[in-house]
file work.cif (mmCIF, C-alpha atoms)
data_target
#
loop_
_atom_site.label_atom_id
_atom_site.label_comp_id
_atom_site.auth_asym_id
_atom_site.auth_seq_id
_atom_site.Cartn_x
_atom_site.Cartn_y
_atom_site.Cartn_z
CA MET A 716 -146.12 -103.28 -10.14
CA ALA A 717 -143.64 -101.55 -12.44
CA VAL A 718 -141.94 -98.30 -11.55
CA ILE A 719 -142.33 -95.27 -13.81
CA LYS A 720 -139.57 -92.66 -13.49
CA TYR A 721 -139.71 -89.04 -14.57
CA TYR A 722 -136.81 -86.69 -15.26
CA GLY A 723 -136.14 -83.02 -15.93
CA ALA A 724 -138.98 -81.03 -17.48
CA ILE A 725 -141.22 -84.11 -17.37
CA ALA A 726 -140.74 -84.59 -13.61
CA GLU A 727 -141.57 -80.91 -13.24
CA GLU A 728 -144.87 -81.53 -15.09
CA THR A 729 -145.77 -84.76 -13.27
CA LYS A 730 -144.71 -83.24 -9.93
CA CYS A 731 -143.12 -86.53 -8.91
CA SER A 732 -139.94 -88.36 -9.76
CA GLU A 733 -141.41 -91.85 -9.77
CA GLU A 734 -144.56 -93.83 -9.17
CA GLN A 735 -145.71 -97.45 -9.11
CA MET A 736 -148.09 -98.73 -11.76
CA ALA A 737 -150.04 -101.98 -12.09
CA VAL A 738 -148.98 -103.38 -15.45
CA SER A 739 -150.49 -106.81 -15.88
CA ASP A 740 -150.63 -107.36 -19.62
CA LEU A 741 -149.93 -103.68 -20.33
CA LYS A 742 -148.02 -102.74 -23.51
CA ILE A 743 -145.55 -99.84 -23.41
CA SER A 744 -147.64 -98.02 -26.03
CA ASP A 745 -150.75 -98.35 -23.86
CA CYS A 746 -148.86 -97.33 -20.75
CA MET A 747 -147.67 -94.19 -22.56
CA ALA A 748 -151.24 -93.43 -23.62
CA LEU A 749 -152.36 -93.69 -20.00
CA LEU A 750 -149.56 -91.43 -18.80
CA ASN A 751 -150.26 -88.95 -21.56
CA LYS A 752 -153.87 -88.78 -20.50
CA LYS A 753 -152.94 -88.39 -16.84
CA TYR A 754 -150.24 -85.73 -17.29
CA ASN A 755 -150.79 -84.26 -20.73
CA LEU A 756 -147.27 -84.87 -21.94
CA ASN A 757 -147.94 -84.02 -25.58
CA ALA A 758 -145.96 -80.79 -25.29
CA PHE A 759 -142.81 -82.75 -24.47
CA GLU A 760 -140.33 -84.40 -26.73
CA VAL A 761 -140.12 -87.65 -24.76
CA SER A 762 -137.86 -90.62 -25.18
CA ILE A 763 -138.40 -93.67 -23.04
CA ALA A 764 -136.11 -96.29 -21.54
CA LEU A 765 -137.18 -99.74 -20.41
CA ASN A 766 -134.77 -100.99 -17.76
CA GLN A 767 -132.22 -98.39 -18.88
CA ASN A 768 -132.45 -99.16 -22.60
CA LEU A 769 -134.14 -96.82 -25.04
CA VAL A 770 -137.26 -98.26 -26.67
CA GLU A 771 -139.79 -96.88 -29.14
CA ILE A 772 -142.68 -94.92 -27.66
CA ASP A 773 -145.15 -97.10 -29.57
CA SER A 774 -143.44 -100.32 -28.56
CA THR A 775 -145.75 -103.31 -28.07
CA ILE A 776 -143.45 -104.89 -25.53
CA LYS A 777 -145.45 -105.79 -22.44
CA LEU A 778 -144.38 -104.42 -19.10
CA ASN A 779 -143.62 -106.83 -16.28
CA ASP A 780 -143.65 -106.37 -12.56
CA SER A 781 -140.34 -104.90 -11.40
CA ASP A 782 -139.71 -103.30 -14.80
CA GLU A 783 -138.45 -99.74 -14.74
CA LEU A 784 -139.82 -97.40 -17.39
CA ALA A 785 -138.22 -93.95 -17.56
CA LEU A 786 -139.67 -90.93 -19.37
CA LEU A 787 -136.82 -88.71 -20.54
CA PRO A 788 -136.93 -85.19 -21.98
CA PRO A 789 -134.20 -84.08 -24.43
CA PHE A 790 -130.69 -84.75 -23.15
CA ALA A 791 -128.73 -81.65 -22.20
CA GLY A 792 -125.35 -82.71 -20.83
CA GLY A 793 -122.07 -80.99 -21.63
CA MET B 1106 -69.50 -57.00 -38.13
CA ALA B 1107 -72.56 -59.26 -38.27
CA VAL B 1108 -73.43 -61.74 -35.56
CA ILE B 1109 -73.76 -65.44 -36.35
CA LYS B 1110 -75.85 -67.45 -33.90
CA TYR B 1111 -75.87 -71.21 -33.40
CA TYR B 1112 -78.55 -73.36 -31.83
CA GLY B 1113 -79.09 -76.92 -30.65
CA ALA B 1114 -77.03 -79.61 -32.34
CA ILE B 1115 -75.23 -76.94 -34.42
CA ALA B 1116 -74.11 -74.99 -31.34
CA GLU B 1117 -72.84 -78.29 -29.95
CA GLU B 1118 -70.74 -78.75 -33.10
CA THR B 1119 -69.46 -75.15 -33.28
CA LYS B 1120 -68.84 -75.13 -29.52
CA CYS B 1121 -70.13 -71.59 -29.27
CA SER B 1122 -73.55 -69.96 -29.33
CA GLU B 1123 -72.56 -66.90 -31.32
CA GLU B 1124 -69.65 -65.14 -32.96
CA GLN B 1125 -68.91 -61.89 -34.81
CA MET B 1126 -68.03 -62.00 -38.50
CA ALA B 1127 -66.71 -59.33 -40.87
CA VAL B 1128 -69.24 -59.26 -43.69
CA SER B 1129 -68.35 -56.43 -46.04
CA ASP B 1130 -69.89 -57.42 -49.37
CA LEU B 1131 -70.50 -61.01 -48.22
CA LYS B 1132 -73.49 -62.90 -49.61
CA ILE B 1133 -75.39 -65.30 -47.35
CA SER B 1134 -74.48 -68.20 -49.66
CA ASP B 1135 -70.77 -67.33 -49.37
CA CYS B 1136 -71.06 -66.86 -45.63
CA MET B 1137 -72.61 -70.34 -45.38
CA ALA B 1138 -69.79 -71.80 -47.46
CA LEU B 1139 -67.26 -70.23 -45.08
CA LEU B 1140 -69.04 -71.57 -42.03
CA ASN B 1141 -69.38 -74.98 -43.61
CA LYS B 1142 -65.67 -75.07 -44.21
CA LYS B 1143 -64.88 -73.89 -40.68
CA TYR B 1144 -67.24 -76.26 -38.86
CA ASN B 1145 -68.10 -79.00 -41.33
CA LEU B 1146 -71.86 -78.59 -41.01
CA ASN B 1147 -72.72 -80.87 -43.93
CA ALA B 1148 -74.06 -83.53 -41.60
CA PHE B 1149 -76.72 -81.11 -40.35
CA GLU B 1150 -80.08 -80.28 -41.78
CA VAL B 1151 -79.71 -76.52 -41.34
CA SER B 1152 -82.22 -73.75 -41.89
CA ILE B 1153 -81.10 -70.15 -41.59
CA ALA B 1154 -82.76 -66.97 -40.41
CA LEU B 1155 -81.63 -63.46 -41.30
CA ASN B 1156 -82.79 -61.06 -38.59
CA GLN B 1157 -85.31 -63.65 -37.38
CA ASN B 1158 -86.78 -64.41 -40.81
CA LEU B 1159 -86.08 -67.67 -42.60
CA VAL B 1160 -84.08 -67.28 -45.84
CA GLU B 1161 -82.76 -69.74 -48.39
CA ILE B 1162 -79.36 -71.22 -47.67
CA ASP B 1163 -78.15 -70.20 -51.14
CA SER B 1164 -79.57 -66.69 -50.82
CA THR B 1165 -77.54 -63.98 -52.59
CA ILE B 1166 -78.69 -61.30 -50.13
CA LYS B 1167 -75.63 -59.47 -48.83
CA LEU B 1168 -75.04 -59.33 -45.12
CA ASN B 1169 -74.75 -55.95 -43.43
CA ASP B 1170 -73.07 -54.90 -40.24
CA SER B 1171 -75.43 -55.51 -37.29
CA ASP B 1172 -77.28 -58.22 -39.20
CA GLU B 1173 -78.07 -61.36 -37.22
CA LEU B 1174 -77.76 -64.66 -39.04
CA ALA B 1175 -78.95 -67.75 -37.15
CA LEU B 1176 -78.13 -71.36 -38.05
CA LEU B 1177 -80.98 -73.58 -36.92
CA PRO B 1178 -81.17 -77.38 -36.75
CA PRO B 1179 -84.56 -79.11 -37.14
CA PHE B 1180 -87.25 -77.68 -34.87
CA ALA B 1181 -88.30 -79.95 -32.04
CA GLY B 1182 -90.85 -78.13 -29.92
CA GLY B 1183 -93.98 -79.68 -28.49
CA MET C 840 -116.32 -98.23 -13.40
CA LYS C 841 -116.33 -95.57 -10.73
CA SER C 842 -119.00 -92.91 -11.04
CA ILE C 843 -118.23 -90.05 -13.33
CA PHE C 844 -120.75 -87.76 -11.68
CA ILE C 845 -119.53 -85.07 -9.37
CA LYS C 846 -121.76 -83.15 -6.97
CA GLY C 847 -121.25 -79.46 -7.77
CA ALA C 848 -118.77 -77.71 -10.08
CA ILE C 849 -115.56 -79.34 -11.30
CA GLN C 850 -112.79 -77.37 -9.65
CA PRO C 851 -109.54 -76.36 -11.38
CA ALA C 852 -107.68 -78.12 -8.54
CA PHE C 853 -109.47 -81.38 -9.39
CA ILE C 854 -108.33 -81.01 -13.01
CA ALA C 855 -104.77 -80.29 -11.86
CA ASP C 856 -104.87 -83.38 -9.70
CA SER C 857 -106.05 -85.52 -12.64
CA ILE C 858 -103.17 -84.19 -14.74
CA ALA C 859 -100.64 -84.81 -11.97
CA LYS C 860 -101.81 -88.44 -11.62
CA HIS C 861 -100.84 -89.05 -15.25
CA GLN C 862 -97.29 -87.83 -14.83
CA THR C 863 -96.15 -91.22 -13.59
CA LYS C 864 -97.21 -92.76 -16.92
CA HIS C 865 -94.10 -92.26 -19.01
CA SER C 866 -95.51 -93.66 -22.23
CA ILE C 867 -97.90 -90.73 -22.52
CA GLY C 868 -96.78 -87.93 -24.84
CA ALA C 869 -100.02 -86.01 -25.30
CA HIS C 870 -103.05 -85.09 -23.25
CA ASN C 871 -106.17 -83.41 -24.56
CA ILE C 872 -108.71 -81.92 -22.16
CA PHE C 873 -112.15 -80.57 -22.95
CA LEU C 874 -113.94 -78.44 -20.38
CA GLY C 875 -117.56 -77.35 -20.62
CA GLN C 876 -118.16 -74.09 -18.78
CA VAL C 877 -121.62 -72.71 -17.95
CA ARG C 878 -122.31 -69.60 -20.08
CA ALA C 879 -124.31 -66.61 -18.87
CA ASP C 880 -126.44 -66.68 -22.02
CA VAL C 881 -129.01 -63.96 -22.45
CA ILE C 882 -132.36 -65.44 -23.55
CA ASN C 883 -135.32 -63.06 -24.06
CA ASP C 884 -133.54 -60.40 -21.98
CA LYS C 885 -132.92 -62.76 -19.08
CA THR C 886 -129.44 -63.89 -18.12
CA VAL C 887 -128.60 -67.48 -17.19
CA ALA C 888 -127.16 -67.51 -13.67
CA ALA C 889 -126.72 -71.29 -13.31
CA ILE C 890 -127.67 -74.67 -14.70
CA ASP C 891 -129.09 -77.31 -12.37
CA PHE C 892 -128.08 -80.72 -13.74
CA THR C 893 -129.91 -83.95 -12.98
CA CYS C 894 -129.31 -87.38 -14.40
CA TYR C 895 -130.80 -90.84 -14.84
CA GLU C 896 -127.70 -92.22 -13.26
CA GLU C 897 -128.08 -96.01 -13.68
CA MET C 898 -128.75 -95.59 -17.40
CA ALA C 899 -126.02 -92.93 -17.76
CA ASN C 900 -123.40 -95.19 -16.19
CA SER C 901 -124.23 -98.08 -18.45
CA ILE C 902 -124.13 -95.87 -21.56
CA LEU C 903 -120.84 -94.33 -20.46
CA GLU C 904 -119.40 -97.80 -20.04
CA ASP C 905 -120.32 -98.56 -23.68
CA ILE C 906 -118.91 -95.21 -24.82
CA ARG C 907 -115.59 -95.88 -23.06
CA GLU C 908 -115.32 -99.38 -24.49
CA LYS C 909 -116.04 -98.20 -28.01
CA ALA C 910 -113.65 -95.24 -27.74
CA PHE C 911 -110.79 -97.48 -26.58
CA LYS C 912 -111.45 -99.71 -29.60
CA THR C 913 -111.69 -96.79 -32.04
CA PHE C 914 -108.80 -94.61 -30.84
CA ASN C 915 -105.29 -95.49 -29.79
CA LEU C 916 -105.54 -94.11 -26.27
CA THR C 917 -103.61 -94.74 -23.09
CA CYS C 918 -106.19 -93.21 -20.73
CA MET C 919 -109.67 -91.75 -20.88
CA HIS C 920 -111.69 -89.99 -18.18
CA ILE C 921 -115.10 -88.36 -18.30
CA TYR C 922 -116.66 -86.33 -15.48
CA HIS C 923 -119.94 -84.40 -15.36
CA SER C 924 -121.37 -82.24 -12.62
CA LEU C 925 -124.74 -82.74 -10.97
CA GLY C 926 -126.60 -80.03 -9.06
CA GLU C 927 -126.49 -76.29 -9.51
CA ILE C 928 -123.47 -75.05 -11.46
CA LYS C 929 -123.05 -71.28 -11.69
CA ALA C 930 -122.09 -69.34 -14.83
CA GLY C 931 -118.31 -69.50 -15.22
CA GLU C 932 -118.02 -72.83 -13.44
CA VAL C 933 -116.94 -76.04 -15.17
CA CYS C 934 -119.58 -78.79 -15.44
CA PHE C 935 -118.01 -81.21 -17.95
CA PHE C 936 -114.45 -82.58 -18.11
CA VAL C 937 -113.18 -84.98 -20.77
CA PHE C 938 -109.54 -86.06 -20.46
CA VAL C 939 -107.82 -88.21 -23.06
CA SER C 940 -104.16 -89.31 -23.17
CA ALA C 941 -102.10 -91.07 -25.83
CA LYS C 942 -98.56 -91.72 -26.91
CA HIS C 943 -98.68 -89.21 -29.77
CA SER C 944 -100.57 -85.97 -30.24
CA LYS C 945 -102.38 -86.99 -33.40
CA GLU C 946 -104.42 -89.62 -31.52
CA VAL C 947 -106.08 -87.30 -29.04
CA TYR C 948 -108.05 -84.64 -30.92
CA ALA C 949 -110.65 -86.79 -32.66
CA ALA C 950 -111.12 -88.89 -29.53
CA THR C 951 -111.90 -85.82 -27.44
CA GLU C 952 -114.36 -84.42 -29.97
CA TYR C 953 -116.03 -87.82 -30.32
CA LEU C 954 -116.42 -88.23 -26.56
CA VAL C 955 -117.78 -84.72 -26.01
CA ASN C 956 -120.35 -85.11 -28.77
CA ILE C 957 -121.49 -88.59 -27.82
CA VAL C 958 -121.89 -87.68 -24.14
CA LYS C 959 -124.01 -84.66 -25.12
CA LYS C 960 -126.11 -86.84 -27.40
CA LYS C 961 -126.47 -90.16 -25.59
CA VAL C 962 -126.16 -89.64 -21.84
CA PRO C 963 -129.46 -88.91 -20.03
CA LEU C 964 -128.51 -85.64 -18.37
CA PHE C 965 -131.01 -82.81 -17.94
CA GLY C 966 -130.25 -79.16 -17.39
CA LYS C 967 -132.49 -76.53 -15.87
CA GLU C 968 -131.24 -73.09 -16.90
CA ILE C 969 -131.92 -70.81 -13.94
CA PHE C 970 -132.13 -67.12 -14.76
CA GLU C 971 -131.05 -64.28 -12.49
CA ASP C 972 -134.72 -63.61 -11.60
CA ASP C 973 -135.10 -67.26 -10.45
CA SER C 974 -137.33 -68.21 -13.37
CA HIS C 975 -136.06 -71.11 -15.46
CA GLN C 976 -136.21 -72.97 -18.75
CA TRP C 977 -135.05 -76.44 -19.73
CA LYS C 978 -131.83 -76.65 -21.71
CA VAL C 979 -131.88 -78.52 -25.03
CA ASN C 980 -128.64 -79.53 -26.78
CA LYS C 981 -128.55 -78.42 -30.41
CA MET D 666 -97.21 -60.20 -26.11
CA LYS D 667 -95.84 -61.59 -22.87
CA SER D 668 -93.33 -64.39 -23.22
CA ILE D 669 -94.75 -67.84 -23.65
CA PHE D 670 -91.57 -69.51 -22.48
CA ILE D 671 -91.43 -70.95 -19.01
CA LYS D 672 -88.24 -71.98 -17.26
CA GLY D 673 -88.69 -75.62 -16.25
CA ALA D 674 -91.71 -77.88 -16.39
CA ILE D 675 -95.28 -76.59 -16.65
CA GLN D 676 -96.89 -77.49 -13.34
CA PRO D 677 -100.47 -78.80 -12.97
CA ALA D 678 -101.09 -75.90 -10.55
CA PHE D 679 -100.14 -73.41 -13.30
CA ILE D 680 -102.67 -75.07 -15.61
CA ALA D 681 -105.33 -74.94 -12.88
CA ASP D 682 -104.59 -71.27 -12.36
CA SER D 683 -105.00 -70.57 -16.09
CA ILE D 684 -108.36 -72.36 -16.08
CA ALA D 685 -109.51 -70.46 -12.97
CA LYS D 686 -108.63 -67.12 -14.61
CA HIS D 687 -111.11 -67.90 -17.40
CA GLN D 688 -114.02 -68.51 -15.06
CA THR D 689 -114.83 -64.81 -14.90
CA LYS D 690 -115.43 -64.82 -18.66
CA HIS D 691 -119.08 -65.81 -18.84
CA SER D 692 -119.32 -65.90 -22.63
CA ILE D 693 -117.01 -68.94 -22.73
CA GLY D 694 -118.75 -72.31 -23.03
CA ALA D 695 -115.86 -74.55 -24.06
CA HIS D 696 -112.16 -74.88 -23.32
CA ASN D 697 -109.76 -77.21 -25.06
CA ILE D 698 -106.33 -77.86 -23.60
CA PHE D 699 -103.44 -79.72 -25.17
CA LEU D 700 -100.54 -80.83 -23.01
CA GLY D 701 -97.29 -82.25 -24.33
CA GLN D 702 -95.65 -84.58 -21.82
CA VAL D 703 -92.07 -85.84 -22.07
CA ARG D 704 -92.06 -89.56 -22.88
CA ALA D 705 -89.48 -92.03 -21.57
CA ASP D 706 -88.91 -93.39 -25.08
CA VAL D 707 -86.52 -96.29 -25.46
CA ILE D 708 -84.11 -95.67 -28.36
CA ASN D 709 -81.47 -98.31 -29.11
CA ASP D 710 -81.93 -99.78 -25.61
CA LYS D 711 -81.46 -96.42 -23.91
CA THR D 712 -84.29 -94.69 -22.09
CA VAL D 713 -84.97 -90.96 -22.38
CA ALA D 714 -84.77 -89.42 -18.90
CA ALA D 715 -85.36 -85.78 -19.89
CA ILE D 716 -85.42 -83.31 -22.76
CA ASP D 717 -83.39 -80.12 -22.50
CA PHE D 718 -85.20 -77.45 -24.52
CA THR D 719 -83.53 -74.36 -25.94
CA CYS D 720 -85.00 -71.71 -28.18
CA TYR D 721 -84.16 -68.86 -30.54
CA GLU D 722 -86.40 -66.67 -28.46
CA GLU D 723 -86.60 -63.40 -30.46
CA MET D 724 -87.54 -65.32 -33.59
CA ALA D 725 -89.89 -67.63 -31.70
CA ASN D 726 -91.79 -64.72 -30.17
CA SER D 727 -92.28 -63.03 -33.51
CA ILE D 728 -93.49 -66.26 -35.13
CA LEU D 729 -95.83 -66.93 -32.23
CA GLU D 730 -97.29 -63.45 -32.63
CA ASP D 731 -98.07 -64.28 -36.28
CA ILE D 732 -99.52 -67.66 -35.30
CA ARG D 733 -101.81 -66.04 -32.72
CA GLU D 734 -103.00 -63.38 -35.13
CA LYS D 735 -103.73 -65.90 -37.86
CA ALA D 736 -105.49 -68.29 -35.45
CA PHE D 737 -107.78 -65.52 -34.17
CA LYS D 738 -108.69 -64.72 -37.78
CA THR D 739 -109.24 -68.37 -38.73
CA PHE D 740 -111.12 -69.64 -35.67
CA ASN D 741 -113.91 -68.10 -33.67
CA LEU D 742 -112.05 -68.00 -30.35
CA THR D 743 -112.50 -66.00 -27.19
CA CYS D 744 -109.03 -66.73 -25.77
CA MET D 745 -105.81 -68.45 -26.80
CA HIS D 746 -102.69 -69.18 -24.77
CA ILE D 747 -99.53 -71.04 -25.68
CA TYR D 748 -96.73 -71.94 -23.26
CA HIS D 749 -93.56 -73.95 -23.80
CA SER D 750 -90.90 -75.00 -21.34
CA LEU D 751 -87.21 -74.19 -21.62
CA GLY D 752 -84.47 -76.10 -19.82
CA GLU D 753 -84.41 -79.70 -18.67
CA ILE D 754 -87.85 -81.32 -18.47
CA LYS D 755 -87.97 -84.83 -17.01
CA ALA D 756 -89.99 -87.73 -18.40
CA GLY D 757 -93.57 -87.39 -17.16
CA GLU D 758 -93.38 -83.62 -16.89
CA VAL D 759 -95.39 -81.27 -19.11
CA CYS D 760 -93.39 -79.10 -21.54
CA PHE D 761 -96.10 -77.71 -23.85
CA PHE D 762 -99.48 -76.20 -23.00
CA VAL D 763 -101.99 -74.92 -25.56
CA PHE D 764 -105.23 -73.47 -24.18
CA VAL D 765 -108.09 -72.37 -26.40
CA SER D 766 -111.53 -71.07 -25.36
CA ALA D 767 -114.68 -70.31 -27.34
CA LYS D 768 -118.39 -69.79 -26.98
CA HIS D 769 -119.28 -73.24 -28.38
CA SER D 770 -117.48 -76.56 -28.30
CA LYS D 771 -117.30 -77.03 -32.06
CA GLU D 772 -114.90 -74.08 -32.41
CA VAL D 773 -112.12 -75.37 -30.19
CA TYR D 774 -110.92 -78.73 -31.53
CA ALA D 775 -109.53 -77.67 -34.89
CA ALA D 776 -107.95 -74.57 -33.34
CA THR D 777 -106.08 -76.66 -30.78
CA GLU D 778 -104.81 -79.13 -33.35
CA TYR D 779 -103.76 -76.31 -35.67
CA LEU D 780 -101.84 -74.51 -32.92
CA VAL D 781 -100.07 -77.63 -31.68
CA ASN D 782 -98.98 -78.59 -35.19
CA ILE D 783 -97.86 -75.14 -36.26
CA VAL D 784 -95.86 -74.57 -33.08
CA LYS D 785 -94.10 -77.91 -33.62
CA LYS D 786 -93.36 -76.99 -37.23
CA LYS D 787 -92.57 -73.28 -37.18
CA VAL D 788 -91.21 -72.27 -33.79
CA PRO D 789 -87.41 -72.53 -33.43
CA LEU D 790 -87.25 -74.79 -30.40
CA PHE D 791 -84.57 -77.43 -30.00
CA GLY D 792 -84.67 -80.50 -27.81
CA LYS D 793 -81.75 -82.51 -26.50
CA GLU D 794 -82.99 -85.95 -25.46
CA ILE D 795 -80.92 -86.94 -22.45
CA PHE D 796 -80.72 -90.66 -21.75
CA GLU D 797 -80.46 -92.28 -18.34
CA ASP D 798 -76.72 -92.87 -18.91
CA ASP D 799 -76.22 -89.11 -19.56
CA SER D 800 -75.55 -89.57 -23.27
CA HIS D 801 -77.86 -87.65 -25.58
CA GLN D 802 -79.31 -87.24 -29.04
CA TRP D 803 -81.10 -84.33 -30.70
CA LYS D 804 -84.85 -84.64 -31.03
CA VAL D 805 -86.39 -84.21 -34.49
CA ASN D 806 -90.15 -83.68 -34.93
CA LYS D 807 -91.68 -86.12 -37.39
#
call {"tool": "encode", "arguments": {"input": "work.cif", "output": "structure tokens"}}
result
Amino acid sequence: MAVIKYYGAIAEETKCSEEQMAVSDLKISDCMALLNKKYNLNAFEVSIALNQNLVEIDSTIKLNDSDELALLPPFAGG
Amino acid sequence: MAVIKYYGAIAEETKCSEEQMAVSDLKISDCMALLNKKYNLNAFEVSIALNQNLVEIDSTIKLNDSDELALLPPFAGG
Amino acid sequence: MKSIFIKGAIQPAFIADSIAKHQTKHSIGAHNIFLGQVRADVINDKTVAAIDFTCYEEMANSILEDIREKAFKTFNLTCMHIYHSLGEIKAGEVCFFVFVSAKHSKEVYAATEYLVNIVKKKVPLFGKEIFEDDSHQWKVNK
Amino acid sequence: MKSIFIKGAIQPAFIADSIAKHQTKHSIGAHNIFLGQVRADVINDKTVAAIDFTCYEEMANSILEDIREKAFKTFNLTCMHIYHSLGEIKAGEVCFFVFVSAKHSKEVYAATEYLVNIVKKKVPLFGKEIFEDDSHQWKVNK
């Protein structure tokens, strides 16, 4: 299982801050498609981080167990 | 009488912070020559202010009674 | 690196304390401090009362580490500190504190501006602007 | 304008108090603070222990009034404060405090740098660098 984390406006939409997901042989792009379908995230400008590093939303990197994928809305510090 | 004021390194050299000077018909340039002779200020980079406004050291403006002429070494604030 | 995230507003006394700690460093000639203060912006007739900041903290810390390293390489600095609030920060309170010190004044300005801009751009912080009527919208940095 | 000259060092608590006073102004989003700190420079094997600042105060106040007016015209600022110490300020103590506030961060950096540089250049302040052995030399801004 990988952990999917949600922040800010996205966590508000998903109504949870994280969840576990079975990821055997799952690409990031496919994972994002699944999450989009589940939560309808099209309205959001999302960037994603795999294990704390930004990656492309259509990345074909495969997720592994114990990976952490974070869905991040626009940054608003300062 | 006009008042001549000295600051910083110049006041250290003149050993006073101000003095009165008879100035009837005296140009600033001539006044500076007198003060140079009296105190030997050639070693100093001096700027001068007439009534709080910077003027040229060789200015031919005539000093009046109640004028204030200040001899200022390099500024060193901050 | 110790955490740069502070629960609640950054107090003036905390800033004073940071300044005082640098007074034993006698090679420092210039400090430059940036403070971000929460504005009571009026948006569609509603006034911002507070911003509730959250953060992806593990990622933020690693990015801040990189930012610090790069800034020390780019600018001739003696010290550099960055703090950001988490939680609900009211209008008028300080939520962001960048503190840069160097031997000479000319070193500090560009470093401060660089740090403020890169933190706004690269650090995963999220801000919920809470209006006086308790409705909210999500802040986006321009 | 009230005098900007402070007898003795500028204390961190004074800076904190200035910051706190601006927290009621809810249109401010960004503060930038410059602090000049006395360095223990080593010059010909002698270490600076303090700088004794004096000033041609009437002239300084009138020039500072002009500087303030021009800065408010040039930069989009909400507030601007300038303070400078007079008297003997020890190494490590703060002698110069420039405090600029604006709605957005991009307004403050250039204003701070401008004010620091113009005060150094135009305000008739004089500094006697006192060494640890009580000898001295007169400071010259580069």
call {"tool": "closest_atom_pairs", "arguments": {"input": "work.cif", "of": "chain C", "to": "chain B", "cutoff": "10 Å", "atoms": "all atoms listed in the file", "output": "JSON lines"}}
result
{"residue": "C:Gly868", "atom": "CA", "partner": "B:Gly1183", "partner_atom": "CA", "distance": 9.4}
{"residue": "C:Ala869", "atom": "CA", "partner": "B:Gly1183", "partner_atom": "CA", "distance": 9.3}
{"residue": "C:Ser944", "atom": "CA", "partner": "B:Gly1183", "partner_atom": "CA", "distance": 9.3}
call {"tool": "resolve_selection", "arguments": {"input": "work.cif", "expression": "the PyMOL selection byres ((chain D and resi 784) around 12)", "output": "PyMOL selection string"}}
result
(chain B and resi 1180-1183) or (chain D and resi 669+701+725-726+728-733+736+747-749+761-763+777-783+785-790+806)
call {"tool": "closest_residue", "arguments": {"input": "work.cif", "among": "C:Val887, C:Ile969, C:Ile854, C:Cys894", "to": "Gly723 in chain A", "atoms": "all atoms listed in the file"}}
result
C:Cys894
call {"tool": "residues_around", "arguments": {"input": "work.cif", "residues": "range 764-779 of chain A", "least_positions_apart": "5", "cutoff": "9 Å", "atoms": "all atoms listed in the file", "output": "PDB file with C-alpha atoms, keeping the file's coordinate frame"}}
result
ATOM      1  CA  MET A 716    -146.120-103.280 -10.140  1.00  0.00           C
ATOM      2  CA  ALA A 717    -143.640-101.550 -12.440  1.00  0.00           C
ATOM      3  CA  VAL A 738    -148.980-103.380 -15.450  1.00  0.00           C
ATOM      4  CA  SER A 739    -150.490-106.810 -15.880  1.00  0.00           C
ATOM      5  CA  ASP A 740    -150.630-107.360 -19.620  1.00  0.00           C
ATOM      6  CA  LEU A 741    -149.930-103.680 -20.330  1.00  0.00           C
ATOM      7  CA  LYS A 742    -148.020-102.740 -23.510  1.00  0.00           C
ATOM      8  CA  ILE A 743    -145.550 -99.840 -23.410  1.00  0.00           C
ATOM      9  CA  SER A 744    -147.640 -98.020 -26.030  1.00  0.00           C
ATOM     10  CA  ASP A 745    -150.750 -98.350 -23.860  1.00  0.00           C
ATOM     11  CA  CYS A 746    -148.860 -97.330 -20.750  1.00  0.00           C
ATOM     12  CA  MET A 747    -147.670 -94.190 -22.560  1.00  0.00           C
ATOM     13  CA  LEU A 784    -139.820 -97.400 -17.390  1.00  0.00           C
ATOM     14  CA  ALA A 785    -138.220 -93.950 -17.560  1.00  0.00           C
ATOM     15  CA  LEU A 786    -139.670 -90.930 -19.370  1.00  0.00           C
ATOM     16  CA  LEU A 787    -136.820 -88.710 -20.540  1.00  0.00           C
TER      17      LEU A 787
ATOM     18  CA  TYR C 895    -130.800 -90.840 -14.840  1.00  0.00           C
ATOM     19  CA  GLU C 897    -128.080 -96.010 -13.680  1.00  0.00           C
ATOM     20  CA  MET C 898    -128.750 -95.590 -17.400  1.00  0.00           C
ATOM     21  CA  ALA C 899    -126.020 -92.930 -17.760  1.00  0.00           C
ATOM     22  CA  SER C 901    -124.230 -98.080 -18.450  1.00  0.00           C
ATOM     23  CA  ILE C 902    -124.130 -95.870 -21.560  1.00  0.00           C
TER      24      ILE C 902
END
call {"tool": "atom_distance", "arguments": {"input": "work.cif", "atom1": "CA of Thr719 in chain D", "atom2": "CA of Leu700 in chain D"}}
result
18.4 Å
